[in-house]
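Asks: Compact mmCIF, C-alpha atoms and all ligand atoms, saved as start_3.txt, coming up:
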# COMPACT_ATOMS: atom_id res chain seq x y z
CA MET A 1 -32.26 -1.60 2.41
CA SER A 2 -35.61 -1.64 4.19
CA GLY A 3 -36.31 -4.79 6.11
CA GLU A 4 -32.66 -5.65 6.45
CA THR A 5 -31.10 -5.87 9.85
CA THR A 6 -27.69 -4.38 10.37
CA ASP A 7 -26.24 -7.90 10.27
CA THR A 8 -27.29 -8.48 6.72
CA ILE A 9 -26.20 -5.14 5.35
CA ARG A 10 -23.27 -5.96 3.14
CA LYS A 11 -19.96 -4.49 4.11
CA LYS A 12 -18.29 -2.29 1.53
CA LYS A 13 -15.57 -4.03 -0.48
CA ILE A 14 -12.07 -2.63 -0.29
CA PHE A 15 -9.04 -3.63 -2.31
CA SER A 16 -5.55 -2.38 -1.73
CA ALA A 17 -2.03 -3.51 -2.52
CA VAL A 18 1.57 -2.58 -1.92
CA LYS A 19 4.73 -3.54 -3.72
CA PRO A 20 7.28 -5.50 -1.74
CA THR A 21 10.29 -3.46 -2.77
CA GLY A 22 12.69 -2.68 0.03
CA SER A 23 11.88 -2.76 3.67
CA PRO A 24 8.70 -1.00 4.90
CA THR A 25 9.31 2.39 6.53
CA ILE A 26 7.48 4.41 9.16
CA GLY A 27 6.13 6.32 6.15
CA SER A 28 4.52 3.16 4.73
CA TYR A 29 2.92 2.54 8.11
CA ALA A 30 1.53 6.07 8.53
CA GLY A 31 0.40 6.44 4.93
CA ALA A 32 -1.17 3.07 4.19
CA LEU A 33 -0.77 0.29 6.70
CA LYS A 34 -2.31 2.03 9.67
CA ASN A 35 -5.35 2.62 7.54
CA TRP A 36 -5.44 -1.00 6.35
CA ILE A 37 -5.48 -2.18 9.95
CA ALA A 38 -8.20 0.29 10.92
CA MET A 39 -10.47 -0.78 8.06
CA GLN A 40 -10.42 -4.52 8.73
CA ASP A 41 -13.52 -4.61 10.91
CA ALA A 42 -15.83 -2.22 9.12
CA TYR A 43 -15.09 -3.38 5.56
CA ASP A 44 -14.70 -6.47 3.52
CA CYS A 45 -10.98 -6.09 2.80
CA VAL A 46 -8.76 -7.78 0.26
CA TYR A 47 -5.08 -6.91 0.74
CA CYS A 48 -2.48 -7.91 -1.77
CA VAL A 49 1.31 -7.98 -1.74
CA ALA A 50 1.81 -6.85 -5.33
CA ASP A 51 4.92 -8.81 -6.18
CA LEU A 52 4.13 -9.00 -9.92
CA HIS A 53 4.25 -5.22 -10.00
CA SER A 54 7.72 -5.21 -8.46
CA ILE A 55 9.60 -6.70 -11.39
CA THR A 56 9.32 -3.71 -13.73
CA VAL A 57 12.68 -2.85 -12.19
CA SER A 58 15.54 -5.32 -12.12
CA LEU A 59 15.74 -7.12 -8.77
CA GLU A 60 18.11 -9.59 -7.20
CA PRO A 61 15.99 -12.77 -6.81
CA ALA A 62 17.21 -13.68 -3.32
CA VAL A 63 16.75 -10.13 -2.06
CA PHE A 64 13.32 -9.87 -3.67
CA ARG A 65 12.20 -13.15 -2.05
CA LYS A 66 13.48 -12.00 1.34
CA ASN A 67 11.80 -8.60 1.04
CA THR A 68 8.48 -10.18 0.18
CA LEU A 69 8.51 -12.50 3.19
CA GLU A 70 9.69 -9.70 5.47
CA MET A 71 6.90 -7.48 4.30
CA LEU A 72 4.33 -10.18 4.93
CA ALA A 73 5.72 -10.83 8.42
CA MET A 74 5.79 -7.12 9.22
CA TYR A 75 2.18 -6.66 8.13
CA LEU A 76 1.06 -9.54 10.30
CA ALA A 77 3.11 -8.26 13.22
CA LEU A 78 1.53 -4.82 12.94
CA GLY A 79 -1.96 -6.23 13.15
CA ILE A 80 -3.20 -7.26 9.73
CA ASN A 81 -5.37 -10.20 10.72
CA PRO A 82 -5.65 -12.90 8.03
CA GLU A 83 -8.88 -14.12 9.61
CA LYS A 84 -10.55 -10.75 9.18
CA CYS A 85 -9.33 -9.94 5.68
CA VAL A 86 -8.03 -11.74 2.62
CA LEU A 87 -4.25 -11.32 2.59
CA PHE A 88 -2.27 -12.87 -0.25
CA LEU A 89 0.62 -12.64 -2.68
CA GLN A 90 -0.34 -11.52 -6.17
CA SER A 91 1.90 -14.12 -7.88
CA HIS A 92 -0.04 -16.89 -6.12
CA VAL A 93 -3.27 -16.04 -7.93
CA SER A 94 -2.85 -16.49 -11.67
CA ALA A 95 -6.13 -14.70 -12.47
CA HIS A 96 -4.31 -11.36 -12.07
CA ALA A 97 -2.05 -11.97 -15.05
CA GLU A 98 -4.89 -13.54 -17.03
CA LEU A 99 -7.34 -10.70 -16.57
CA ALA A 100 -4.57 -8.17 -17.24
CA TRP A 101 -4.14 -9.65 -20.71
CA VAL A 102 -7.83 -9.32 -21.51
CA LEU A 103 -7.95 -5.76 -20.16
CA ASN A 104 -4.93 -4.87 -22.31
CA CYS A 105 -7.23 -5.24 -25.26
CA TYR A 106 -9.69 -2.77 -23.74
CA THR A 107 -7.06 -0.15 -22.96
CA GLN A 108 -5.95 2.35 -25.53
CA PHE A 109 -2.25 2.94 -26.14
CA GLY A 110 -2.97 6.66 -25.86
CA GLU A 111 -4.56 6.55 -22.44
CA ALA A 112 -1.82 4.32 -21.02
CA SER A 113 0.74 6.76 -22.47
CA ARG A 114 -0.82 9.57 -20.49
CA MET A 115 -0.14 7.99 -17.10
CA THR A 116 1.98 10.41 -15.13
CA GLN A 117 3.86 7.71 -13.26
CA PHE A 118 4.86 5.97 -16.50
CA LYS A 119 6.15 9.22 -17.94
CA GLU A 120 8.10 10.04 -14.78
CA LYS A 121 9.56 6.58 -14.34
CA SER A 122 10.63 6.34 -17.97
CA LYS A 123 12.33 9.69 -17.73
CA ARG A 124 14.11 8.72 -14.53
CA ASN A 125 15.18 5.32 -15.84
CA PRO A 126 15.64 5.67 -19.61
CA GLU A 127 17.78 2.53 -19.88
CA ASN A 128 14.92 0.22 -18.84
CA VAL A 129 11.60 1.43 -20.20
CA ASN A 130 10.11 -2.06 -20.48
CA VAL A 131 6.61 -2.94 -21.65
CA GLY A 132 5.79 -4.10 -18.11
CA LEU A 133 6.29 -0.55 -16.88
CA PHE A 134 3.88 0.68 -19.53
CA ASP A 135 1.36 -2.04 -18.69
CA TYR A 136 1.65 -1.62 -14.92
CA PRO A 137 -1.65 0.29 -14.55
CA VAL A 138 -3.54 -2.37 -16.52
CA LEU A 139 -2.31 -5.06 -14.13
CA MET A 140 -3.50 -2.78 -11.33
CA ALA A 141 -6.90 -2.57 -12.99
CA ALA A 142 -7.01 -6.37 -13.06
CA ASP A 143 -6.12 -6.50 -9.33
CA ILE A 144 -8.95 -4.20 -8.42
CA LEU A 145 -11.64 -5.43 -10.82
CA LEU A 146 -11.20 -9.13 -10.00
CA TYR A 147 -12.45 -8.50 -6.46
CA GLN A 148 -15.34 -6.19 -7.45
CA ALA A 149 -13.93 -3.57 -5.09
CA GLU A 150 -15.92 -0.39 -4.63
CA THR A 151 -13.26 1.47 -2.75
CA VAL A 152 -9.53 1.55 -3.30
CA PRO A 153 -7.51 3.40 -0.68
CA VAL A 154 -4.38 4.76 -2.33
CA GLY A 155 -1.89 7.57 -2.09
CA GLU A 156 -2.20 10.58 -4.36
CA ASP A 157 0.33 9.10 -6.84
CA GLN A 158 -1.93 6.08 -7.55
CA LYS A 159 -5.21 7.93 -7.97
CA GLN A 160 -4.84 8.25 -11.72
CA HIS A 161 -4.32 4.49 -12.01
CA VAL A 162 -7.55 3.74 -10.15
CA GLU A 163 -9.37 6.18 -12.41
CA LEU A 164 -7.99 4.30 -15.40
CA ALA A 165 -9.26 1.03 -13.88
CA ARG A 166 -12.68 2.62 -13.57
CA ASN A 167 -12.63 3.72 -17.22
CA ILE A 168 -11.58 0.28 -18.42
CA ALA A 169 -14.33 -1.32 -16.32
CA GLN A 170 -16.93 1.03 -17.70
CA ARG A 171 -15.83 0.38 -21.27
CA PHE A 172 -16.02 -3.38 -20.76
CA ASN A 173 -19.44 -3.13 -19.08
CA ASN A 174 -20.75 -0.99 -21.95
CA ARG A 175 -19.39 -3.31 -24.62
CA TYR A 176 -20.91 -6.45 -23.02
CA SER A 177 -23.11 -6.14 -19.93
CA PRO A 178 -22.47 -5.15 -16.31
CA THR A 179 -19.48 -7.25 -15.26
CA PHE A 180 -17.29 -5.09 -13.05
CA VAL A 181 -18.11 -2.86 -10.12
CA LEU A 182 -16.77 0.63 -10.83
CA PRO A 183 -14.03 1.33 -8.28
CA GLU A 184 -13.41 4.63 -6.64
CA PRO A 185 -10.07 5.85 -5.28
CA VAL A 186 -10.09 7.23 -1.75
CA MET A 187 -7.32 9.00 0.07
CA PRO A 188 -7.03 7.34 3.47
CA LYS A 189 -8.87 9.12 6.25
CA TYR A 190 -6.32 8.26 8.91
CA GLY A 191 -3.39 8.49 6.55
CA ALA A 192 -0.56 10.83 7.26
CA LYS A 193 2.25 11.65 4.92
CA ILE A 194 5.68 11.34 6.46
CA TYR A 195 8.52 13.34 4.95
CA GLY A 196 12.24 12.65 5.06
CA LEU A 197 14.10 13.38 8.28
CA GLN A 198 16.94 14.95 6.30
CA ASN A 199 14.83 16.52 3.59
CA PRO A 200 11.44 17.28 5.16
CA THR A 201 9.95 18.75 1.99
CA ALA A 202 10.15 15.44 0.09
CA LYS A 203 8.47 12.15 0.90
CA MET A 204 10.55 9.89 3.17
CA SER A 205 12.70 8.00 0.72
CA LYS A 206 14.85 4.92 0.80
CA SER A 207 17.63 6.66 -1.10
CA GLU A 208 21.07 5.34 -0.44
CA GLU A 209 22.81 8.70 -0.47
CA ASN A 210 21.06 9.71 2.68
CA PRO A 211 20.49 6.72 4.95
CA ASN A 212 19.41 8.95 7.83
CA ASP A 213 16.44 10.27 5.86
CA CYS A 214 14.40 7.17 6.40
CA VAL A 215 13.39 5.07 9.41
CA TYR A 216 12.54 1.43 8.74
CA LEU A 217 9.98 -0.44 10.80
CA ALA A 218 12.60 -3.12 11.41
CA ASP A 219 15.36 -0.69 12.53
CA GLY A 220 16.90 -1.31 15.94
CA ALA A 221 16.23 1.10 18.83
CA ASP A 222 19.68 2.70 18.71
CA GLU A 223 19.46 3.28 15.02
CA ILE A 224 16.01 4.86 15.33
CA MET A 225 17.19 7.20 18.06
CA ARG A 226 20.30 8.16 16.10
CA LYS A 227 18.20 9.05 13.04
CA PHE A 228 15.73 11.18 15.00
CA LYS A 229 18.50 12.98 16.84
CA ALA A 230 20.03 13.83 13.46
CA ALA A 231 16.72 15.05 12.00
CA VAL A 232 16.77 18.44 10.30
CA THR A 233 14.88 21.18 12.16
CA ASP A 234 15.19 24.96 11.83
CA SER A 235 16.87 27.89 13.56
CA ASP A 236 13.76 28.74 15.57
CA SER A 237 13.01 26.92 18.81
CA ALA A 238 9.22 26.53 18.96
CA VAL A 239 7.62 23.11 18.55
CA LYS A 240 4.74 24.30 16.37
CA TYR A 241 2.97 22.74 13.40
CA ASP A 242 3.61 24.99 10.40
CA LYS A 243 4.22 23.03 7.24
CA THR A 244 5.41 25.96 5.14
CA ASN A 245 7.82 27.61 7.52
CA LYS A 246 8.74 24.67 9.75
CA PRO A 247 8.62 21.52 7.59
CA GLY A 248 11.08 19.56 9.76
CA ILE A 249 9.27 20.21 13.05
CA SER A 250 5.84 19.68 11.48
CA ASN A 251 6.96 16.33 10.12
CA LEU A 252 8.31 15.26 13.52
CA LEU A 253 5.00 16.29 15.11
CA THR A 254 3.16 14.10 12.60
CA VAL A 255 5.45 11.16 13.37
CA TYR A 256 4.94 11.72 17.09
CA SER A 257 1.18 11.87 16.70
CA VAL A 258 1.02 8.69 14.59
CA PHE A 259 3.19 6.65 16.95
CA SER A 260 2.08 8.00 20.33
CA GLY A 261 -1.60 8.26 19.43
CA GLU A 262 -1.70 11.82 20.73
CA SER A 263 -3.16 14.66 18.67
CA ILE A 264 -0.84 17.27 17.15
CA ASP A 265 -2.51 19.98 19.25
CA LYS A 266 -1.82 18.14 22.46
CA ALA A 267 1.71 17.38 21.40
CA GLU A 268 2.37 21.07 20.73
CA LYS A 269 1.24 21.85 24.29
CA GLU A 270 3.30 19.03 25.73
CA PHE A 271 6.46 20.39 24.10
CA GLU A 272 5.83 24.07 24.72
CA GLY A 273 8.96 25.72 26.03
CA LYS A 274 11.03 22.59 25.58
CA GLY A 275 14.02 22.56 23.24
CA TYR A 276 14.32 20.71 19.95
CA ALA A 277 16.81 18.20 21.37
CA ASP A 278 14.32 17.13 24.00
CA PHE A 279 11.52 16.96 21.46
CA LYS A 280 13.47 14.87 18.96
CA LYS A 281 14.42 12.44 21.70
CA ARG A 282 10.75 12.04 22.69
CA VAL A 283 9.73 11.42 19.07
CA GLY A 284 12.38 8.71 18.82
CA GLU A 285 11.18 7.17 22.08
CA ALA A 286 7.55 7.13 20.93
CA VAL A 287 8.51 5.26 17.74
CA ILE A 288 10.76 2.82 19.62
CA GLU A 289 8.06 2.15 22.22
CA PHE A 290 5.46 1.50 19.56
CA LEU A 291 7.73 -0.79 17.57
CA LYS A 292 9.04 -2.86 20.48
CA PRO A 293 6.22 -5.46 20.65
CA VAL A 294 5.80 -5.29 16.86
CA GLN A 295 9.43 -6.17 16.21
CA ALA A 296 9.35 -9.01 18.74
CA GLU A 297 6.36 -10.49 16.92
CA TYR A 298 8.01 -9.83 13.54
CA LYS A 299 11.10 -11.82 14.52
CA LYS A 300 8.97 -14.67 15.77
CA LEU A 301 6.90 -14.78 12.58
CA LEU A 302 9.92 -14.57 10.27
CA ALA A 303 11.41 -17.60 12.02
CA ASP A 304 8.15 -19.53 11.64
CA LYS A 305 8.23 -20.40 7.96
CA ASN A 306 5.40 -22.92 8.36
CA TYR A 307 3.07 -20.32 9.73
CA LEU A 308 3.91 -17.84 6.95
CA GLN A 309 3.32 -20.60 4.40
CA SER A 310 -0.07 -21.40 5.92
CA VAL A 311 -1.12 -17.74 5.83
CA MET A 312 -0.05 -17.44 2.18
CA LYS A 313 -1.79 -20.68 1.26
CA SER A 314 -5.14 -19.89 2.79
CA GLY A 315 -4.97 -16.29 1.52
CA ALA A 316 -4.23 -17.47 -2.01
CA GLU A 317 -7.06 -19.98 -1.94
CA ARG A 318 -9.59 -17.47 -0.75
CA ALA A 319 -8.43 -14.81 -3.20
CA ALA A 320 -8.36 -17.27 -6.09
CA ARG A 321 -11.95 -18.33 -5.42
CA ILE A 322 -13.22 -14.75 -5.67
CA ALA A 323 -10.97 -13.89 -8.61
CA ARG A 324 -11.93 -17.00 -10.58
CA ARG A 325 -15.61 -16.07 -10.42
CA THR A 326 -14.94 -12.71 -12.09
CA LEU A 327 -12.48 -14.12 -14.61
CA SER A 328 -14.91 -16.84 -15.73
CA LYS A 329 -17.57 -14.23 -16.34
CA VAL A 330 -15.14 -12.17 -18.40
CA TYR A 331 -14.00 -15.16 -20.47
CA ARG A 332 -17.59 -16.12 -21.18
CA LYS A 333 -18.57 -12.60 -22.24
CA VAL A 334 -15.54 -12.14 -24.47
CA GLY A 335 -16.46 -15.35 -26.28
CA PHE A 336 -13.76 -17.83 -25.33
CA VAL A 337 -15.00 -21.41 -25.75
CA PRO A 338 -15.49 -22.88 -22.29
CA LEU A 339 -13.95 -26.22 -21.49
CA GLU A 340 -16.76 -28.33 -20.12
CA GLN A 341 -15.92 -30.11 -16.87
N1 LIG A 401 0.90 0.47 -7.61
C1 LIG A 401 0.64 0.50 -6.20
C2 LIG A 401 1.78 1.24 -5.51
O1 LIG A 401 2.81 1.43 -6.06
C3 LIG A 401 0.47 -0.89 -5.64
C4 LIG A 401 -0.71 -1.57 -6.24
C5 LIG A 401 -0.67 -2.65 -7.08
C6 LIG A 401 -2.06 -1.23 -6.03
N2 LIG A 401 -1.93 -2.99 -7.42
C7 LIG A 401 -2.83 -2.17 -6.81
C8 LIG A 401 -2.73 -0.25 -5.27
C9 LIG A 401 -4.22 -2.12 -6.84
C10 LIG A 401 -4.12 -0.22 -5.32
C11 LIG A 401 -4.85 -1.13 -6.09
O2 LIG A 401 1.63 1.62 -4.39
Just dump the structure as structure tokens.
Replies:
Amino acid sequence: MSGETTDTIRKKKIFSAVKPTGSPTIGSYAGALKNWIAMQDAYDCVYCVADLHSITVSLEPAVFRKNTLEMLAMYLALGINPEKCVLFLQSHVSAHAELAWVLNCYTQFGEASRMTQFKEKSKRNPENVNVGLFDYPVLMAADILLYQAETVPVGEDQKQHVELARNIAQRFNNRYSPTFVLPEPVMPKYGAKIYGLQNPTAKMSKSEENPNDCVYLADGADEIMRKFKAAVTDSDSAVKYDKTNKPGISNLLTVYSVFSGESIDKAEKEFEGKGYADFKKRVGEAVIEFLKPVQAEYKKLLADKNYLQSVMKSGAERAARIARRTLSKVYRKVGFVPLEQ
């Protein structure tokens, strides 16, 4: 490092991705997106809408297409800046599927079988245990390794997959020569886990049985307020953070803190002596206030198909350039005969 000025010190490379299934919720914002936005300046970020990963479950094509575009528009509206980071759709960069195939041959059946998420998903959905579901973590490894990412911010449930990517990378490097940077999973520093409003001991879910459990980033103001007013609390009356004994109130305090920008400590003081009804209303208001300009921008972007196309196009080109460099190296090392230009 000596002799380098701060300008020439390379920024750390980050890769992250989310699946475009369903509409993004306030939980997706607090847990991942907020962190993505915060990291754009300090890191060299590659952000991917992992649409290839989505099809391990059966989807309605028109709904899937709509969800993907809505997710892209929502990310842009929230502040993901395509000039600061590389933002693209996974299906637009064919290197992901290509590298995944190669990495399949460097992944043992046994280690893929040990993936907790695979075991859980196959148990939950025994009628559709497809090979894609089994191979899902290898495609993830391809995502990460193509961009030589050092750091991969993920939720707890994806940590094991990033560790697998690291093991595959190490195996490939040992077999040939250093090819891939070894990625490390990190739990987001600013991340906050949001629980369901109806069932505050489980992650906020999009389950159909309980539509009030979950607040979507695109929900209208009335709907948001209705859901917060119906949120489960407890028989006590103190607005205090205590995850074990007061999961509902603690969750609402987290939501309030994320969307108002105030600390939990300060929020507790602010609501001291006030009733739950008052508190829940204020939480709803904080979320509505935060989302007002975001939703206006979201609507504008969704209507501007040309702009969305231009973002996807330039993102795909930039991503493909980086990815191609890694893939060519891999093909050469494996021994595929290059086609001379
Ligand atoms: N599997 C991740 C999820 O469900 C999404 C994802 C796809 C991802 N590829 C990735 C996350 C690569 C990190 C790195 O949330």
Asks: Compute the set of protein, DNA and RNA residues whose minimum atom distance to ligand LIG 401 (chain A) is at most 9 Å, using all atoms listed in the file, and state it as a VMD selection string.
Replies: chain A and resid 15 to 19 47 to 54 90 136 to 137 139 to 144 152 to 155 157 to 159 161 to 162 185
Asks: In Å, with one decimal, what is the gap from atom CA of Leu78 of chain A to atom CA of Ala296 of chain A?
Replies: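 Distance reported for this atom pair: 10.6 Å.
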Asks: Hey, what's within 12 Å of Leu133 of chain A if we count all atoms listed in the file and toss same-chain stuff fewer than 5 positions away? As a VMD selection string, please?
Replies: chain A and resid 52 to 58 112 to 113 115 to 123 125 to 126 128 138 to 140
Asks: Applying 9 Å and all atoms listed in the file, which residues near Leu145 of chain A remain after dropping the ones on its own chain fewer than 2 positions away? List them as a VMD selection string.
Replies: chain A and resid 99 140 to 143 147 to 149 165 to 166 169 180 to 183 323 326
Asks: At a cut-off of 7 Å, using only C-alpha atoms, what residues contact Met204 of chain A? Leave out same-chain residues fewer than 6 positions from it and give the result as a PDB file with C-alpha atoms, keeping the file's coordinate frame.
Replies:
ATOM      1  CA  GLY A  27       6.130   6.320   6.150  1.00  0.00           C
ATOM      2  CA  ILE A 194       5.680  11.340   6.460  1.00  0.00           C
ATOM      3  CA  TYR A 195       8.520  13.340   4.950  1.00  0.00           C
ATOM      4  CA  GLY A 196      12.240  12.650   5.060  1.00  0.00           C
ATOM      5  CA  ASP A 213      16.440  10.270   5.860  1.00  0.00           C
ATOM      6  CA  CYS A 214      14.400   7.170   6.400  1.00  0.00           C
TER       7      CYS A 214
END
Asks: Give the padded box for segment 307-324 of chain A as AutoDock Vina command-line options: axis-aligned, covering all atoms listed in the file, 3 Å on each side, centre and edge lengths in Å to one decimal.
Replies:
--center_x -4.7 --center_y -17.6 --center_z -0.4 --size_x 23.1 --size_y 13.5 --size_z 26.3
Asks: So that I can see what lies close to Lys66 of chain A, please list as an MDAnalysis selection string the residues with an atom at most 12 Å from it, counting all atoms listed in the file and leaving out residues fewer than 6 positions away in the same chain.
Replies: chainID A and resid 20:23 51 59:60 72:73 302 305
Asks: Could you check which of A:Ala192, A:Leu69, A:Val287, A:Val330 is closest to Val102 of chain A, using all atoms listed in the file?
Replies: A:Val330
Asks: Tell me which of A:Lys292, A:Asn245, A:Val255, A:Thr179 sits closest to Ser328 of chain A, counting only C-alpha atoms.
Replies: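 Smallest distance to Ser328 of chain A is found for A:Thr179.
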Asks: In Å, with one decimal, what is the gap from atom CA of Tyr216 of chain A to atom CA of Val63 of chain A?
Replies: 16.4 Å
Asks: Which of these residues is nearest to Gly315 of chain A, using all atoms listed in the file: A:Trp101, A:Phe228, A:Phe88, A:Phe279?
Replies: A:Phe88
Asks: A:Gly273, A:Ala231, A:Pro24, A:Leu103: which is nearest Asn173 of chain A, counting only C-alpha atoms?
Replies: A:Leu103
Asks: If you count all atoms listed in the file, which residues fall within 10 Å of Ile249 of chain A, apart from same-chain ones fewer than 2 positions away, as a list in words?
Replies: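 Counting all atoms listed in the file, the residues come to Leu197, Pro200, Ala231, Val232, Thr233, Asp234, Asp236, Ser237, Ala238, Val239, Lys240, Tyr241, Asp242, Lys243, Asn245, Lys246, Pro247, Asn251, Leu252, Leu253, Thr254, Val255, Tyr276, Phe279 and Lys280 of chain A.
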Asks: Go ahead and save the picked residues with C-alpha atoms, as a PDB file, in the frame of the given file.
Replies:
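Saved the output as result33.pdb:
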ATOM      1  CA  LEU A 197      14.100  13.380   8.280  1.00  0.00           C
ATOM      2  CA  PRO A 200      11.440  17.280   5.160  1.00  0.00           C
ATOM      3  CA  ALA A 231      16.720  15.050  12.000  1.00  0.00           C
ATOM      4  CA  VAL A 232      16.770  18.440  10.300  1.00  0.00           C
ATOM      5  CA  THR A 233      14.880  21.180  12.160  1.00  0.00           C
ATOM      6  CA  ASP A 234      15.190  24.960  11.830  1.00  0.00           C
ATOM      7  CA  ASP A 236      13.760  28.740  15.570  1.00  0.00           C
ATOM      8  CA  SER A 237      13.010  26.920  18.810  1.00  0.00           C
ATOM      9  CA  ALA A 238       9.220  26.530  18.960  1.00  0.00           C
ATOM     10  CA  VAL A 239       7.620  23.110  18.550  1.00  0.00           C
ATOM     11  CA  LYS A 240       4.740  24.300  16.370  1.00  0.00           C
ATOM     12  CA  TYR A 241       2.970  22.740  13.400  1.00  0.00           C
ATOM     13  CA  ASP A 242       3.610  24.990  10.400  1.00  0.00           C
ATOM     14  CA  LYS A 243       4.220  23.030   7.240  1.00  0.00           C
ATOM     15  CA  ASN A 245       7.820  27.610   7.520  1.00  0.00           C
ATOM     16  CA  LYS A 246       8.740  24.670   9.750  1.00  0.00           C
ATOM     17  CA  PRO A 247       8.620  21.520   7.590  1.00  0.00           C
ATOM     18  CA  ASN A 251       6.960  16.330  10.120  1.00  0.00           C
ATOM     19  CA  LEU A 252       8.310  15.260  13.520  1.00  0.00           C
ATOM     20  CA  LEU A 253       5.000  16.290  15.110  1.00  0.00           C
ATOM     21  CA  THR A 254       3.160  14.100  12.600  1.00  0.00           C
ATOM     22  CA  VAL A 255       5.450  11.160  13.370  1.00  0.00           C
ATOM     23  CA  TYR A 276      14.320  20.710  19.950  1.00  0.00           C
ATOM     24  CA  PHE A 279      11.520  16.960  21.460  1.00  0.00           C
ATOM     25  CA  LYS A 280      13.470  14.870  18.960  1.00  0.00           C
TER      26      LYS A 280
END
Asks: State, in Å with one decimal place, the distance from atom CA of Leu33 of chain A to atom CA of Leu146 of chain A.
Replies: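 Going from atom CA of Leu33 of chain A over to atom CA of Leu146 of chain A covers 21.8 Å.
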Asks: Given all atoms listed in the file as the basis, pick out the residue of A:Asn35, A:Asn212, A:Gln170, A:Ser207 nearest to Tyr75 of chain A.
Replies: A:Asn35
Asks: Reconstruct N, CA, C and O atoms of segment 165-176 of chain A; output as a PDB file, keeping the file's coordinate frame.
Replies:
ATOM      1  N   ALA A 165      -8.575   2.311 -14.119  1.00  0.00           N
ATOM      2  CA  ALA A 165      -9.260   1.030 -13.880  1.00  0.00           C
ATOM      3  C   ALA A 165     -10.769   1.228 -14.025  1.00  0.00           C
ATOM      4  O   ALA A 165     -11.476   0.394 -14.616  1.00  0.00           O
ATOM      5  N   ARG A 166     -11.246   2.326 -13.495  1.00  0.00           N
ATOM      6  CA  ARG A 166     -12.680   2.620 -13.570  1.00  0.00           C
ATOM      7  C   ARG A 166     -13.109   2.802 -15.035  1.00  0.00           C
ATOM      8  O   ARG A 166     -14.134   2.293 -15.465  1.00  0.00           O
ATOM      9  N   ASN A 167     -12.305   3.509 -15.803  1.00  0.00           N
ATOM     10  CA  ASN A 167     -12.630   3.720 -17.220  1.00  0.00           C
ATOM     11  C   ASN A 167     -12.623   2.416 -18.011  1.00  0.00           C
ATOM     12  O   ASN A 167     -13.488   2.181 -18.852  1.00  0.00           O
ATOM     13  N   ILE A 168     -11.653   1.572 -17.730  1.00  0.00           N
ATOM     14  CA  ILE A 168     -11.580   0.280 -18.420  1.00  0.00           C
ATOM     15  C   ILE A 168     -12.816  -0.549 -18.069  1.00  0.00           C
ATOM     16  O   ILE A 168     -13.449  -1.157 -18.938  1.00  0.00           O
ATOM     17  N   ALA A 169     -13.168  -0.549 -16.784  1.00  0.00           N
ATOM     18  CA  ALA A 169     -14.330  -1.320 -16.320  1.00  0.00           C
ATOM     19  C   ALA A 169     -15.603  -0.844 -17.012  1.00  0.00           C
ATOM     20  O   ALA A 169     -16.416  -1.645 -17.491  1.00  0.00           O
ATOM     21  N   GLN A 170     -15.734   0.457 -17.087  1.00  0.00           N
ATOM     22  CA  GLN A 170     -16.930   1.030 -17.700  1.00  0.00           C
ATOM     23  C   GLN A 170     -17.016   0.667 -19.182  1.00  0.00           C
ATOM     24  O   GLN A 170     -18.074   0.316 -19.696  1.00  0.00           O
ATOM     25  N   ARG A 171     -15.873   0.714 -19.840  1.00  0.00           N
ATOM     26  CA  ARG A 171     -15.830   0.380 -21.270  1.00  0.00           C
ATOM     27  C   ARG A 171     -16.234  -1.082 -21.484  1.00  0.00           C
ATOM     28  O   ARG A 171     -17.002  -1.395 -22.379  1.00  0.00           O
ATOM     29  N   PHE A 172     -15.702  -1.957 -20.645  1.00  0.00           N
ATOM     30  CA  PHE A 172     -16.020  -3.380 -20.760  1.00  0.00           C
ATOM     31  C   PHE A 172     -17.513  -3.619 -20.480  1.00  0.00           C
ATOM     32  O   PHE A 172     -18.195  -4.330 -21.222  1.00  0.00           O
ATOM     33  N   ASN A 173     -18.017  -2.993 -19.428  1.00  0.00           N
ATOM     34  CA  ASN A 173     -19.440  -3.130 -19.080  1.00  0.00           C
ATOM     35  C   ASN A 173     -20.345  -2.645 -20.220  1.00  0.00           C
ATOM     36  O   ASN A 173     -21.365  -3.261 -20.515  1.00  0.00           O
ATOM     37  N   ASN A 174     -19.946  -1.542 -20.849  1.00  0.00           N
ATOM     38  CA  ASN A 174     -20.750  -0.990 -21.950  1.00  0.00           C
ATOM     39  C   ASN A 174     -20.704  -1.885 -23.177  1.00  0.00           C
ATOM     40  O   ASN A 174     -21.684  -2.040 -23.891  1.00  0.00           O
ATOM     41  N   ARG A 175     -19.560  -2.460 -23.433  1.00  0.00           N
ATOM     42  CA  ARG A 175     -19.390  -3.310 -24.620  1.00  0.00           C
ATOM     43  C   ARG A 175     -20.193  -4.606 -24.469  1.00  0.00           C
ATOM     44  O   ARG A 175     -20.770  -5.091 -25.425  1.00  0.00           O
ATOM     45  N   TYR A 176     -20.216  -5.181 -23.254  1.00  0.00           N
ATOM     46  CA  TYR A 176     -20.910  -6.450 -23.020  1.00  0.00           C
ATOM     47  C   TYR A 176     -22.134  -6.179 -22.166  1.00  0.00           C
ATOM     48  O   TYR A 176     -23.126  -5.699 -22.682  1.00  0.00           O
TER      49      TYR A 176
END
